[in-house]
$ cat entry_23.txt   # compact mmCIF, C-alpha atoms and all ligand atoms
# COMPACT_ATOMS: atom_id res chain seq x y z
CA MET H 1 0.00 0.00 0.00
CA ALA H 2 1.34 3.42 -0.91
CA ILE H 3 2.16 5.74 1.93
CA ALA H 4 -0.26 8.63 1.98
CA PRO H 5 1.39 11.78 0.65
CA SER H 6 2.19 14.19 3.41
CA HIS H 7 1.80 17.91 3.16
CA LEU H 8 5.37 18.02 4.50
CA GLN H 9 8.05 17.66 1.83
CA ILE H 10 11.20 15.66 2.54
CA ASP H 11 14.22 17.94 2.70
CA SER H 12 17.06 15.95 1.10
CA SER H 13 19.76 18.58 1.49
CA HIS H 14 21.48 16.56 4.23
CA ARG H 15 21.10 13.21 2.50
CA ARG H 16 24.36 11.57 1.46
CA ASP H 17 24.93 8.56 -0.74
CA LEU H 18 27.83 6.92 1.07
CA ALA H 19 29.78 3.72 0.49
CA PRO H 20 29.87 1.25 3.40
CA ILE H 21 32.44 2.18 6.03
CA ALA H 22 36.05 1.31 5.27
CA THR H 23 38.69 2.07 7.88
CA PRO H 24 42.45 1.66 7.50
CA ASP H 25 44.46 -0.76 9.60
CA ARG H 26 46.46 1.56 11.78
CA LEU H 27 49.03 0.70 14.40
CA LEU H 28 48.12 3.08 17.21
CA LEU H 29 51.33 3.91 19.06
CA GLY H 30 50.16 7.29 20.32
CA PRO H 31 48.72 8.34 23.67
CA GLY H 32 45.50 6.40 23.02
CA PRO H 33 43.37 4.86 21.83
CA SER H 34 45.59 1.84 21.46
CA ASN H 35 44.71 -1.10 19.20
CA ALA H 36 42.08 -3.40 20.66
CA HIS H 37 42.84 -7.10 21.12
CA PRO H 38 41.25 -9.23 18.33
CA THR H 39 39.38 -11.27 20.96
CA VAL H 40 37.91 -8.04 22.31
CA LEU H 41 36.86 -6.96 18.81
CA GLU H 42 35.17 -10.31 18.33
CA ALA H 43 33.28 -9.88 21.60
CA LEU H 44 32.13 -6.41 20.54
CA SER H 45 30.54 -7.78 17.39
CA ARG H 46 28.42 -10.39 19.16
CA THR H 47 24.65 -10.10 19.08
CA PRO H 48 23.60 -7.81 21.93
CA ILE H 49 21.54 -9.30 24.76
CA GLY H 50 19.18 -7.43 27.06
CA HIS H 51 20.82 -5.34 29.74
CA LEU H 52 18.69 -7.07 32.39
CA ASP H 53 19.10 -10.57 30.91
CA PRO H 54 20.35 -12.90 33.66
CA LEU H 55 23.36 -13.75 31.49
CA TYR H 56 24.25 -10.09 31.19
CA VAL H 57 23.77 -9.57 34.92
CA GLU H 58 26.24 -12.39 35.51
CA LEU H 59 28.69 -10.74 33.12
CA MET H 60 28.38 -7.44 35.03
CA GLY H 61 29.54 -9.21 38.17
CA GLU H 62 32.49 -10.70 36.30
CA VAL H 63 33.53 -7.29 34.98
CA GLN H 64 33.35 -5.80 38.48
CA GLU H 65 35.38 -8.62 40.02
CA LEU H 66 38.06 -8.43 37.32
CA LEU H 67 38.27 -4.66 37.64
CA ARG H 68 38.94 -5.14 41.36
CA TYR H 69 41.74 -7.52 40.44
CA ALA H 70 43.23 -5.12 37.86
CA TRP H 71 43.20 -2.28 40.38
CA GLN H 72 44.07 -4.44 43.40
CA THR H 73 41.12 -3.23 45.43
CA ASP H 74 38.24 -4.76 47.38
CA ASN H 75 36.03 -1.70 46.84
CA ARG H 76 32.36 -2.65 46.68
CA LEU H 77 31.59 0.31 44.42
CA THR H 78 33.67 -0.67 41.41
CA LEU H 79 32.04 -0.46 37.99
CA PRO H 80 32.59 0.72 34.42
CA MET H 81 30.87 4.06 33.78
CA SER H 82 29.15 4.27 30.42
CA GLY H 83 31.33 6.93 28.87
CA THR H 84 35.02 7.53 28.39
CA GLY H 85 37.68 8.16 31.03
CA SER H 86 36.50 11.75 31.43
CA ALA H 87 33.02 10.53 32.46
CA ALA H 88 34.56 8.39 35.18
CA MET H 89 36.81 11.30 36.15
CA GLU H 90 33.76 13.51 36.46
CA ALA H 91 31.95 10.82 38.48
CA THR H 92 34.65 10.84 41.17
CA LEU H 93 34.16 14.58 41.67
CA ALA H 94 30.38 14.75 41.09
CA ASN H 95 29.71 12.22 43.82
CA THR H 96 32.02 13.55 46.50
CA VAL H 97 32.24 17.32 46.04
CA GLU H 98 29.66 19.56 47.67
CA PRO H 99 29.68 23.32 47.02
CA GLY H 100 32.50 24.92 48.98
CA ASP H 101 34.40 21.68 49.63
CA ARG H 102 38.10 22.28 49.29
CA VAL H 103 39.77 20.23 46.58
CA LEU H 104 43.55 20.38 46.22
CA VAL H 105 44.76 19.38 42.77
CA ALA H 106 48.42 18.49 42.31
CA VAL H 107 49.00 19.54 38.69
CA LYS H 108 52.02 18.38 36.71
CA GLY H 109 50.47 18.18 33.25
CA TYR H 110 47.43 18.58 31.05
CA PHE H 111 45.11 16.12 32.80
CA GLY H 112 45.71 17.69 36.21
CA LEU H 113 44.33 20.88 34.67
CA ARG H 114 41.23 18.99 33.58
CA LEU H 115 40.68 17.94 37.20
CA VAL H 116 40.94 21.61 38.22
CA ASP H 117 38.35 22.60 35.62
CA MET H 118 35.94 19.83 36.59
CA ALA H 119 36.24 20.38 40.36
CA GLY H 120 35.45 24.08 39.80
CA ARG H 121 32.32 23.17 37.86
CA TYR H 122 31.08 21.26 40.94
CA GLN H 123 31.64 24.45 42.93
CA ALA H 124 34.61 23.18 44.88
CA ASP H 125 36.97 25.66 46.51
CA VAL H 126 39.81 24.56 44.23
CA ARG H 127 43.41 24.96 45.32
CA VAL H 128 46.30 24.09 43.02
CA ILE H 129 49.94 23.15 43.47
CA GLU H 130 52.04 22.80 40.35
CA LYS H 131 55.22 21.16 39.13
CA PRO H 132 56.89 21.67 35.75
CA TRP H 133 55.63 19.29 33.02
CA GLY H 134 58.26 16.57 33.37
CA GLU H 135 58.50 16.27 37.16
CA ALA H 136 56.57 14.61 39.98
CA PHE H 137 55.63 15.69 43.52
CA SER H 138 57.67 14.65 46.56
CA LEU H 139 55.97 13.57 49.78
CA ASP H 140 57.30 16.70 51.49
CA GLU H 141 55.76 18.96 48.86
CA LEU H 142 52.44 17.16 49.14
CA GLU H 143 52.43 17.29 52.94
CA ALA H 144 53.27 21.01 52.98
CA ALA H 145 50.32 21.65 50.65
CA LEU H 146 47.97 19.48 52.74
CA ILE H 147 48.94 21.48 55.83
CA GLU H 148 48.54 24.80 54.05
CA HIS H 149 45.25 24.11 52.26
CA ARG H 150 43.54 21.51 54.53
CA PRO H 151 41.52 20.06 51.63
CA ALA H 152 38.68 17.54 51.78
CA ILE H 153 40.14 15.84 48.69
CA LEU H 154 43.62 15.62 47.18
CA ALA H 155 43.32 14.85 43.45
CA MET H 156 46.24 13.83 41.28
CA VAL H 157 47.22 11.95 38.13
CA HIS H 158 49.23 8.76 38.55
CA ALA H 159 50.33 8.40 34.92
CA GLU H 160 50.42 11.84 33.25
CA THR H 161 49.85 11.11 29.56
CA SER H 162 50.92 14.61 28.58
CA THR H 163 54.42 14.29 30.10
CA GLY H 164 55.21 10.56 30.42
CA ILE H 165 55.69 10.96 34.18
CA CYS H 166 54.62 8.37 36.76
CA GLN H 167 53.83 9.91 40.15
CA PRO H 168 55.34 7.76 42.96
CA MET H 169 52.46 6.81 45.26
CA GLU H 170 54.08 5.19 48.29
CA GLY H 171 53.17 7.19 51.37
CA VAL H 172 50.69 9.57 49.70
CA GLY H 173 47.64 7.71 51.05
CA ASP H 174 49.10 7.75 54.57
CA LEU H 175 49.58 11.51 54.34
CA CYS H 176 45.97 11.92 53.23
CA ARG H 177 44.72 9.87 56.20
CA LYS H 178 46.96 11.84 58.56
CA HIS H 179 45.54 15.12 57.25
CA ASN H 180 42.00 13.79 57.03
CA CYS H 181 41.36 14.07 53.32
CA LEU H 182 40.36 11.69 50.53
CA LEU H 183 42.86 10.63 47.89
CA LEU H 184 41.54 10.73 44.30
CA LEU H 185 43.76 9.18 41.63
CA ASP H 186 43.65 9.26 37.81
CA THR H 187 44.84 5.85 36.57
CA VAL H 188 43.84 6.29 32.92
CA THR H 189 47.29 5.55 31.51
CA SER H 190 48.35 3.11 34.21
CA LEU H 191 45.57 0.50 34.53
CA GLY H 192 46.77 -2.80 33.07
CA GLY H 193 50.27 -1.54 32.23
CA VAL H 194 51.85 -0.01 35.33
CA PRO H 195 51.89 -1.39 38.90
CA LEU H 196 48.79 -0.20 40.74
CA HIS H 197 47.86 -1.17 44.31
CA LEU H 198 44.86 0.98 45.15
CA ASP H 199 44.10 -0.53 48.56
CA ALA H 200 47.72 -0.77 49.71
CA TRP H 201 48.22 2.84 48.60
CA LYS H 202 45.03 3.88 50.46
CA VAL H 203 43.45 5.45 47.38
CA ASP H 204 39.82 6.41 48.06
CA LEU H 205 38.64 7.21 44.53
CA ALA H 206 40.04 6.24 41.15
CA TYR H 207 39.06 6.10 37.50
CA SER H 208 40.46 4.85 34.23
CA CYS H 209 39.57 4.21 30.60
CA SER H 210 39.04 1.21 28.34
CA GLN H 211 41.21 2.24 25.38
CA LYS H 212 44.77 2.03 26.68
CA GLY H 213 46.22 -0.70 28.90
CA LEU H 214 43.02 -2.74 28.71
CA SER H 215 43.13 -3.17 24.90
CA CYS H 216 39.48 -2.19 24.32
CA PRO H 217 38.13 0.61 22.13
CA PRO H 218 37.18 3.83 23.93
CA GLY H 219 33.72 3.91 25.51
CA LEU H 220 33.89 2.78 29.13
CA GLY H 221 35.39 4.50 32.16
CA PRO H 222 36.22 2.17 35.04
CA PHE H 223 35.36 3.83 38.37
CA THR H 224 36.00 2.82 41.96
CA MET H 225 35.16 4.31 45.33
CA GLY H 226 36.40 3.10 48.72
CA PRO H 227 34.62 3.13 52.10
CA ARG H 228 35.88 6.58 53.17
CA ALA H 229 34.62 8.14 49.96
CA GLU H 230 31.34 6.25 50.34
CA GLN H 231 30.95 7.84 53.77
CA LYS H 232 31.40 11.28 52.24
CA LEU H 233 28.82 10.42 49.61
CA SER H 234 26.25 9.25 52.16
CA ALA H 235 26.85 12.30 54.36
CA ARG H 236 25.97 14.69 51.50
CA THR H 237 23.38 17.32 52.33
CA THR H 238 22.80 18.04 48.64
CA LYS H 239 21.87 15.73 45.78
CA VAL H 240 24.66 14.56 43.48
CA PRO H 241 24.30 17.28 40.82
CA ASN H 242 24.73 14.87 37.90
CA TRP H 243 21.96 12.28 37.50
CA TYR H 244 23.79 10.08 35.00
CA LEU H 245 26.93 9.73 37.12
CA ASP H 246 25.23 9.43 40.53
CA VAL H 247 26.83 6.31 42.03
CA SER H 248 24.05 5.70 44.53
CA LEU H 249 21.61 5.39 41.62
CA LEU H 250 24.10 3.43 39.51
CA ASN H 251 24.73 1.05 42.37
CA GLN H 252 21.09 0.01 42.33
CA TYR H 253 21.84 -1.35 38.88
CA TRP H 254 25.40 -2.59 39.45
CA GLY H 255 24.72 -3.69 43.05
CA SER H 256 22.43 -6.53 44.11
CA ASP H 257 19.08 -4.92 43.11
CA ARG H 258 19.81 -4.75 39.34
CA VAL H 259 17.29 -1.95 38.92
CA TYR H 260 17.24 -0.24 35.54
CA HIS H 261 19.20 3.02 35.50
CA HIS H 262 20.18 3.50 31.87
CA THR H 263 20.48 1.06 28.98
CA ALA H 264 23.98 -0.28 29.43
CA PRO H 265 26.24 -0.36 26.36
CA VAL H 266 26.14 -4.15 26.50
CA ASN H 267 28.60 -4.80 23.69
CA MET H 268 31.20 -2.50 25.19
CA ASN H 269 30.88 -4.52 28.37
CA PHE H 270 31.28 -7.76 26.38
CA GLY H 271 34.56 -6.25 25.15
CA MET H 272 35.57 -5.09 28.63
CA ARG H 273 34.86 -8.53 30.05
CA GLU H 274 37.13 -10.13 27.47
CA ALA H 275 39.85 -7.50 27.91
CA LEU H 276 39.89 -8.04 31.67
CA ARG H 277 39.73 -11.81 31.27
CA LEU H 278 42.81 -11.67 29.02
CA LEU H 279 44.61 -9.49 31.57
CA ALA H 280 43.84 -11.97 34.34
CA GLU H 281 44.89 -14.86 32.11
CA GLU H 282 48.26 -13.19 31.52
CA GLY H 283 48.55 -12.17 35.18
CA LEU H 284 49.05 -8.64 36.46
CA GLU H 285 52.73 -9.01 37.31
CA GLN H 286 53.42 -10.50 33.87
CA ALA H 287 51.52 -7.71 32.11
CA TRP H 288 53.35 -5.03 34.10
CA ALA H 289 56.71 -6.73 33.39
CA ARG H 290 55.90 -6.97 29.66
CA HIS H 291 55.12 -3.25 29.51
CA ARG H 292 58.37 -2.47 31.35
CA ARG H 293 60.47 -4.76 29.14
CA ASN H 294 59.14 -3.37 25.87
CA ALA H 295 59.36 0.23 27.05
CA GLU H 296 62.98 -0.29 28.11
CA ALA H 297 63.79 -1.69 24.66
CA LEU H 298 62.17 1.37 23.09
CA TRP H 299 64.07 3.78 25.34
CA SER H 300 67.46 2.22 24.73
CA GLY H 301 66.78 1.99 20.99
CA LEU H 302 65.78 5.66 20.77
CA GLU H 303 68.72 6.74 22.92
CA GLY H 304 70.99 4.66 20.70
CA LEU H 305 69.77 6.82 17.80
CA GLY H 306 70.80 9.93 19.70
CA LEU H 307 67.31 10.93 20.83
CA VAL H 308 66.65 12.34 24.30
CA MET H 309 63.87 11.16 26.61
CA HIS H 310 61.81 13.92 28.23
CA ALA H 311 61.10 12.06 31.50
CA PRO H 312 63.90 11.08 33.89
CA LEU H 313 64.40 7.31 34.05
CA GLU H 314 63.22 6.92 37.65
CA LEU H 315 59.84 8.60 36.86
CA ARG H 316 59.38 7.28 33.33
CA LEU H 317 56.09 5.62 32.42
CA PRO H 318 56.34 2.27 30.61
CA THR H 319 53.00 2.88 28.88
CA LEU H 320 53.77 6.30 27.41
CA THR H 321 57.18 7.51 26.34
CA THR H 322 57.90 11.18 25.73
CA VAL H 323 60.77 11.83 23.34
CA ARG H 324 62.21 15.27 22.66
CA ILE H 325 61.99 16.35 19.02
CA PRO H 326 65.57 17.17 17.97
CA GLU H 327 66.51 20.72 17.08
CA GLY H 328 65.72 21.52 13.45
CA VAL H 329 63.28 18.64 12.93
CA ASP H 330 59.64 19.25 12.04
CA GLY H 331 58.14 16.76 14.49
CA LYS H 332 54.65 17.09 13.07
CA ALA H 333 55.84 16.38 9.53
CA PHE H 334 57.57 13.20 10.74
CA SER H 335 54.51 11.91 12.59
CA GLN H 336 52.33 12.70 9.58
CA HIS H 337 54.78 10.74 7.44
CA LEU H 338 54.54 7.77 9.82
CA LEU H 339 50.76 7.89 9.64
CA ASN H 340 50.34 8.49 5.93
CA ASN H 341 53.08 6.23 4.62
CA HIS H 342 53.41 3.55 7.29
CA GLY H 343 50.00 3.52 8.99
CA ILE H 344 51.52 4.21 12.40
CA GLU H 345 50.17 6.81 14.78
CA VAL H 346 52.42 8.53 17.31
CA GLY H 347 51.28 11.56 19.28
CA GLY H 348 52.55 15.11 19.56
CA GLY H 349 52.94 17.27 22.67
CA LEU H 350 50.09 18.96 24.52
CA GLY H 351 50.06 22.42 26.09
CA VAL H 352 53.54 23.71 26.94
CA LEU H 353 55.07 20.61 25.32
CA ALA H 354 53.34 21.14 21.94
CA GLY H 355 55.92 20.95 19.16
CA LYS H 356 58.61 19.82 21.62
CA ILE H 357 57.98 16.10 22.10
CA TRP H 358 56.55 13.00 20.47
CA ARG H 359 54.40 10.77 22.65
CA ILE H 360 54.77 7.07 21.97
CA GLY H 361 52.34 4.64 23.57
CA LEU H 362 53.06 0.95 24.12
CA MET H 363 49.86 -0.06 25.84
CA GLY H 364 48.02 -3.32 26.34
CA TYR H 365 47.87 -5.40 23.16
CA ASN H 366 50.32 -3.02 21.48
CA SER H 367 53.14 -3.52 23.98
CA THR H 368 55.15 -6.06 21.94
CA PRO H 369 58.81 -6.41 20.87
CA GLU H 370 57.62 -6.47 17.22
CA ASN H 371 56.00 -3.04 17.52
CA VAL H 372 59.11 -1.66 19.22
CA ASP H 373 61.34 -2.99 16.42
CA ARG H 374 59.04 -1.69 13.71
CA LEU H 375 58.98 1.80 15.16
CA LEU H 376 62.70 1.93 15.96
CA ASN H 377 63.46 0.83 12.43
CA LEU H 378 61.41 3.74 11.07
CA PHE H 379 63.07 6.22 13.40
CA GLU H 380 66.45 4.94 12.23
CA THR H 381 65.77 4.90 8.51
CA GLU H 382 63.29 7.77 8.00
CA LEU H 383 64.02 10.41 10.62
CA PRO H 384 67.39 11.46 9.09
CA ARG H 385 65.55 12.61 5.96
CA PHE H 386 63.51 14.99 8.06
CA LYS H 387 66.64 16.38 9.67
CA GLN H 388 68.21 17.01 6.26
CA THR H 389 65.08 18.68 4.97
CA ALA H 390 65.08 20.95 8.00
CA ALA H 391 68.79 21.76 7.57
CA VAL H 392 68.40 22.54 3.86
CA ALA H 393 65.35 24.69 4.50
CA ALA H 394 67.12 26.65 7.26
N1 LIG H 401 43.25 11.34 32.22
C1 LIG H 401 44.35 10.99 31.52
C2 LIG H 401 45.65 10.86 32.24
C3 LIG H 401 44.25 10.75 30.15
O1 LIG H 401 45.33 10.40 29.45
C4 LIG H 401 43.00 10.89 29.51
C5 LIG H 401 42.87 10.64 28.06
O2 LIG H 401 43.79 10.31 27.38
C6 LIG H 401 41.89 11.24 30.28
C7 LIG H 401 42.05 11.47 31.62
C8 LIG H 401 40.55 11.38 29.65
O3 LIG H 401 40.09 10.16 29.17
P1 LIG H 401 39.11 10.06 27.90
O4 LIG H 401 39.81 10.73 26.76
O5 LIG H 401 38.92 8.59 27.73
O6 LIG H 401 37.86 10.77 28.25

$ encode --input "entry_23.txt" --output "structure tokens"
Amino acid sequence: MAIAPSHLQIDSSHRRDLAPIATPDRLLLGPGPSNAHPTVLEALSRTPIGHLDPLYVELMGEVQELLRYAWQTDNRLTLPMSGTGSAAMEATLANTVEPGDRVLVAVKGYFGLRLVDMAGRYQADVRVIEKPWGEAFSLDELEAALIEHRPAILAMVHAETSTGICQPMEGVGDLCRKHNCLLLLDTVTSLGGVPLHLDAWKVDLAYSCSQKGLSCPPGLGPFTMGPRAEQKLSARTTKVPNWYLDVSLLNQYWGSDRVYHHTAPVNMNFGMREALRLLAEEGLEQAWARHRRNAEALWSGLEGLGLVMHAPLELRLPTLTTVRIPEGVDGKAFSQHLLNNHGIEVGGGLGVLAGKIWRIGLMGYNSTPENVDRLLNLFETELPRFKQTAAVAA
């Protein structure tokens, strides 16, 4: 039967006649996303099941348990937020900050600044201490700031993706307990690739992402909250100002009640389940050692070519290497060449490090000796051409 003509005409100005999607096979050796594991990709393409299906509910429990393993925590409130790392980041602040609460952010790179911005949006009384982009905080510096500012929360980034610096965490949690504040930690570039011991370090709130050390595509933001942070949440006198990220509502879905909150991205959680299962199968210590081994091979190879690492060895992240772009080289032109002619992505610098460094990620599935060799070979054979071009042009 013909559809009755409508008095409304179809406007076709936005209609496009497109070919089916075709994406290139890239090797993602930048700051993220990293390539997803083939088993994860297979899980993502499975037929979705209902988000209240008993089989899915069982899978939710598996994801939560494996996240606890990956983070080394017993926190009851551990779940993947539907959203990227920034959603989970925002959830840590949205749930614990009440207007006027003092939040001290220890900034040593781009993502510390994001914490400052977000905490301000939740009307925190934000205080900031800063280190140059390539350094970490000492316990003495942190304690002096805790004494001066007396915050309710100390927020910091463990693995600063903008600088390649790993913040040493031993003793920080003890300081926070001593000065009666919560410790909030960004583990976006450390989960799965760098030693993390949330409970032993006395971390009260943490978040991460799916697209780096866990070898999943972007789309989920692991979140965890310990008992001290839960207490702050339950003592709130105001509603959590963000409905979607309200953990007390979310916990009715992720906790024992399994009450509908929002339609979970079920396929992303299939992928997350497989990614975490593979991490557990490998073993945390083995995964951390693999990341370390491959990063060390990359560092010594790059140094052997005369390149200079931005981060000092003792603070260097195995998941993300920052390399100084040599004088006279157009760093952007070289990374574009790697992408366009070799299908390899490496990142450039952010903020004050823009144009000064390359950022090379060896995360999750991508942390392999083969990837290290392939990249080193290109640095050895192709980079000299870019130096010559720069010298001739000068
Ligand atoms: N924190 C750090 C340290 C990051 O590297 C990133 C992203 O790369 C984020 C937070 C934000 O995560 P997303 O981009 O998944 O929202």

$ atom_distance --input "entry_23.txt" --atom1 "CA of Ala106 (chain H)" --atom2 "CA of Ala155 (chain H)"
6.4 Å

$ closest_residue --input "entry_23.txt" --among "H:Ala333, H:Ala136, H:Leu220, H:Leu305" --to "Val266 (chain H)" --atoms "only C-alpha atoms"
H:Leu220

$ atom_distance --input "entry_23.txt" --atom1 "atom O5 of ligand LIG 401 (chain H)" --atom2 "CA of Cys209 (chain H)"
5.3 Å

$ closest_residue --input "entry_23.txt" --among "H:Lys108, H:Arg16, H:Lys232, H:Lys332" --to "ligand LIG 401 (chain H)" --atoms "only C-alpha atoms and all ligand atoms"
H:Lys108

$ residues_around --input "entry_23.txt" --residues "Val188 (chain H)" --least-positions-apart "3" --cutoff "7 Å" --atoms "all atoms listed in the file" --output "VMD selection string"
chain H and resid 85 191 207 to 209

$ atom_distance --input "entry_23.txt" --atom1 "CA of His51 (chain H)" --atom2 "CA of Asp204 (chain H)"
28.9 Å

$ closest_residue --input "entry_23.txt" --among "H:Asn35, H:Thr23, H:Thr96, H:Asn371" --to "Leu214 (chain H)" --atoms "all atoms listed in the file"
H:Asn35

$ closest_residue --input "entry_23.txt" --among "H:Glu130, H:Glu90, H:Glu135, H:Glu160" --to "ligand LIG 401 (chain H)" --atoms "all atoms listed in the file"
H:Glu160

$ axis_aligned_box --input "entry_23.txt" --around "ligand LIG 401 (chain H)" --padding-each-side "3 Å" --output "JSON"
{"center_x": 41.8, "center_y": 10.0, "center_z": 29.5, "size_x": 13.8, "size_y": 8.9, "size_z": 11.5}

$ residues_near_ligand --input "entry_23.txt" --ligand "ligand LIG 401 (chain H)" --cutoff "10 Å" --atoms "all atoms listed in the file" --output "compact mmCIF listing (two decimals) with C-alpha atoms, in the coordinates of the input"
# COMPACT_ATOMS: atom_id res chain seq x y z
CA GLY H 30 50.16 7.29 20.32
CA PRO H 31 48.72 8.34 23.67
CA GLY H 32 45.50 6.40 23.02
CA PRO H 33 43.37 4.86 21.83
CA GLY H 83 31.33 6.93 28.87
CA THR H 84 35.02 7.53 28.39
CA GLY H 85 37.68 8.16 31.03
CA SER H 86 36.50 11.75 31.43
CA ALA H 87 33.02 10.53 32.46
CA ALA H 88 34.56 8.39 35.18
CA MET H 89 36.81 11.30 36.15
CA GLU H 90 33.76 13.51 36.46
CA GLY H 109 50.47 18.18 33.25
CA TYR H 110 47.43 18.58 31.05
CA PHE H 111 45.11 16.12 32.80
CA GLY H 112 45.71 17.69 36.21
CA LEU H 113 44.33 20.88 34.67
CA ARG H 114 41.23 18.99 33.58
CA LEU H 115 40.68 17.94 37.20
CA MET H 156 46.24 13.83 41.28
CA VAL H 157 47.22 11.95 38.13
CA HIS H 158 49.23 8.76 38.55
CA ALA H 159 50.33 8.40 34.92
CA GLU H 160 50.42 11.84 33.25
CA THR H 161 49.85 11.11 29.56
CA SER H 162 50.92 14.61 28.58
CA THR H 163 54.42 14.29 30.10
CA GLY H 164 55.21 10.56 30.42
CA LEU H 185 43.76 9.18 41.63
CA ASP H 186 43.65 9.26 37.81
CA THR H 187 44.84 5.85 36.57
CA VAL H 188 43.84 6.29 32.92
CA THR H 189 47.29 5.55 31.51
CA SER H 190 48.35 3.11 34.21
CA TYR H 207 39.06 6.10 37.50
CA SER H 208 40.46 4.85 34.23
CA CYS H 209 39.57 4.21 30.60
CA SER H 210 39.04 1.21 28.34
CA GLN H 211 41.21 2.24 25.38
CA LYS H 212 44.77 2.03 26.68
CA PRO H 217 38.13 0.61 22.13
CA PRO H 218 37.18 3.83 23.93
CA GLY H 219 33.72 3.91 25.51
CA LEU H 220 33.89 2.78 29.13
CA GLY H 221 35.39 4.50 32.16
CA LEU H 320 53.77 6.30 27.41

$ residues_around --input "entry_23.txt" --residues "Gly193 (chain H)" --least-positions-apart "4" --cutoff "10 Å" --atoms "only C-alpha atoms" --output "ChimeraX atom specification"
/H:70,189,212-214,279,284-292,317-320,362-364,367

$ residues_near_point --input "entry_23.txt" --point "(35.7, -8.3, 23.0)" --cutoff "10 Å" --atoms "only C-alpha atoms" --output "list in words"
Ala36, His37, Pro38, Thr39, Val40, Leu41, Glu42, Ala43, Leu44, Ser45, Arg46, Ser215, Cys216, Pro217, Asn267, Met268, Asn269, Phe270, Gly271, Met272, Arg273, Glu274, Ala275, Leu276, Arg277 and Leu278 of chain H

$ closest_residue --input "entry_23.txt" --among "H:Thr92, H:Asp74, H:Leu205, H:Pro168" --to "Asp246 (chain H)" --atoms "all atoms listed in the file"
H:Thr92

$ closest_residue --input "entry_23.txt" --among "H:Asn341, H:Gln123, H:Ser138, H:Asn95" --to "Gln231 (chain H)" --atoms "all atoms listed in the file"
H:Asn95

$ closest_atom_pairs --input "entry_23.txt" --of "region 150-191 of chain H" --to "region 224-228 of chain H" --cutoff "10 Å" --atoms "all atoms listed in the file" --output "Markdown table"
| residue | atom | partner | partner_atom | distance |
| --- | --- | --- | --- | --- |
| H:Arg177 | CA | H:Arg228 | CA | 9.9 |
| H:Cys181 | CA | H:Arg228 | CA | 9.3 |
| H:Leu182 | CA | H:Arg228 | CA | 7.3 |
| H:Leu183 | CA | H:Arg228 | CA | 9.6 |
| H:Leu184 | CA | H:Met225 | CA | 9.1 |

$ residues_around --input "entry_23.txt" --residues "region 234-238 of chain H" --least-positions-apart "4" --cutoff "12 Å" --atoms "all atoms listed in the file" --output "PyMOL selection string"
chain H and resi 94-101+122+227-230+242+246-248

$ residues_around --input "entry_23.txt" --residues "Ala200 (chain H)" --least-positions-apart "5" --cutoff "9 Å" --atoms "all atoms listed in the file" --output "list of chain:residue names"
H:Gln72, H:Thr73, H:Glu170, H:Gly173

$ build_atoms --input "entry_23.txt" --residues "region 277-284 of chain H" --atoms "N, CA, C and O atoms" --output "PDB file, keeping the file's coordinate frame"
ATOM      1  N   ARG H 277      39.450 -10.366  31.178  1.00  0.00           N
ATOM      2  CA  ARG H 277      39.730 -11.810  31.270  1.00  0.00           C
ATOM      3  C   ARG H 277      41.138 -12.099  30.732  1.00  0.00           C
ATOM      4  O   ARG H 277      41.899 -12.861  31.327  1.00  0.00           O
ATOM      5  N   LEU H 278      41.477 -11.451  29.602  1.00  0.00           N
ATOM      6  CA  LEU H 278      42.810 -11.670  29.020  1.00  0.00           C
ATOM      7  C   LEU H 278      43.909 -11.147  29.954  1.00  0.00           C
ATOM      8  O   LEU H 278      44.969 -11.761  30.071  1.00  0.00           O
ATOM      9  N   LEU H 279      43.630 -10.030  30.623  1.00  0.00           N
ATOM     10  CA  LEU H 279      44.610  -9.490  31.570  1.00  0.00           C
ATOM     11  C   LEU H 279      44.819 -10.464  32.729  1.00  0.00           C
ATOM     12  O   LEU H 279      45.947 -10.728  33.142  1.00  0.00           O
ATOM     13  N   ALA H 280      43.725 -11.019  33.223  1.00  0.00           N
ATOM     14  CA  ALA H 280      43.840 -11.970  34.340  1.00  0.00           C
ATOM     15  C   ALA H 280      44.531 -13.250  33.886  1.00  0.00           C
ATOM     16  O   ALA H 280      45.307 -13.852  34.633  1.00  0.00           O
ATOM     17  N   GLU H 281      44.254 -13.645  32.633  1.00  0.00           N
ATOM     18  CA  GLU H 281      44.890 -14.860  32.110  1.00  0.00           C
ATOM     19  C   GLU H 281      46.422 -14.662  32.031  1.00  0.00           C
ATOM     20  O   GLU H 281      47.191 -15.553  32.396  1.00  0.00           O
ATOM     21  N   GLU H 282      46.820 -13.479  31.576  1.00  0.00           N
ATOM     22  CA  GLU H 282      48.260 -13.190  31.520  1.00  0.00           C
ATOM     23  C   GLU H 282      48.844 -13.044  32.921  1.00  0.00           C
ATOM     24  O   GLU H 282      49.963 -13.494  33.194  1.00  0.00           O
ATOM     25  N   GLY H 283      48.073 -12.444  33.812  1.00  0.00           N
ATOM     26  CA  GLY H 283      48.550 -12.170  35.180  1.00  0.00           C
ATOM     27  C   GLY H 283      49.051 -10.739  35.255  1.00  0.00           C
ATOM     28  O   GLY H 283      49.760 -10.284  34.349  1.00  0.00           O
ATOM     29  N   LEU H 284      48.672 -10.053  36.335  1.00  0.00           N
ATOM     30  CA  LEU H 284      49.050  -8.640  36.460  1.00  0.00           C
ATOM     31  C   LEU H 284      50.557  -8.424  36.434  1.00  0.00           C
ATOM     32  O   LEU H 284      51.058  -7.559  35.709  1.00  0.00           O
TER      33      LEU H 284
END
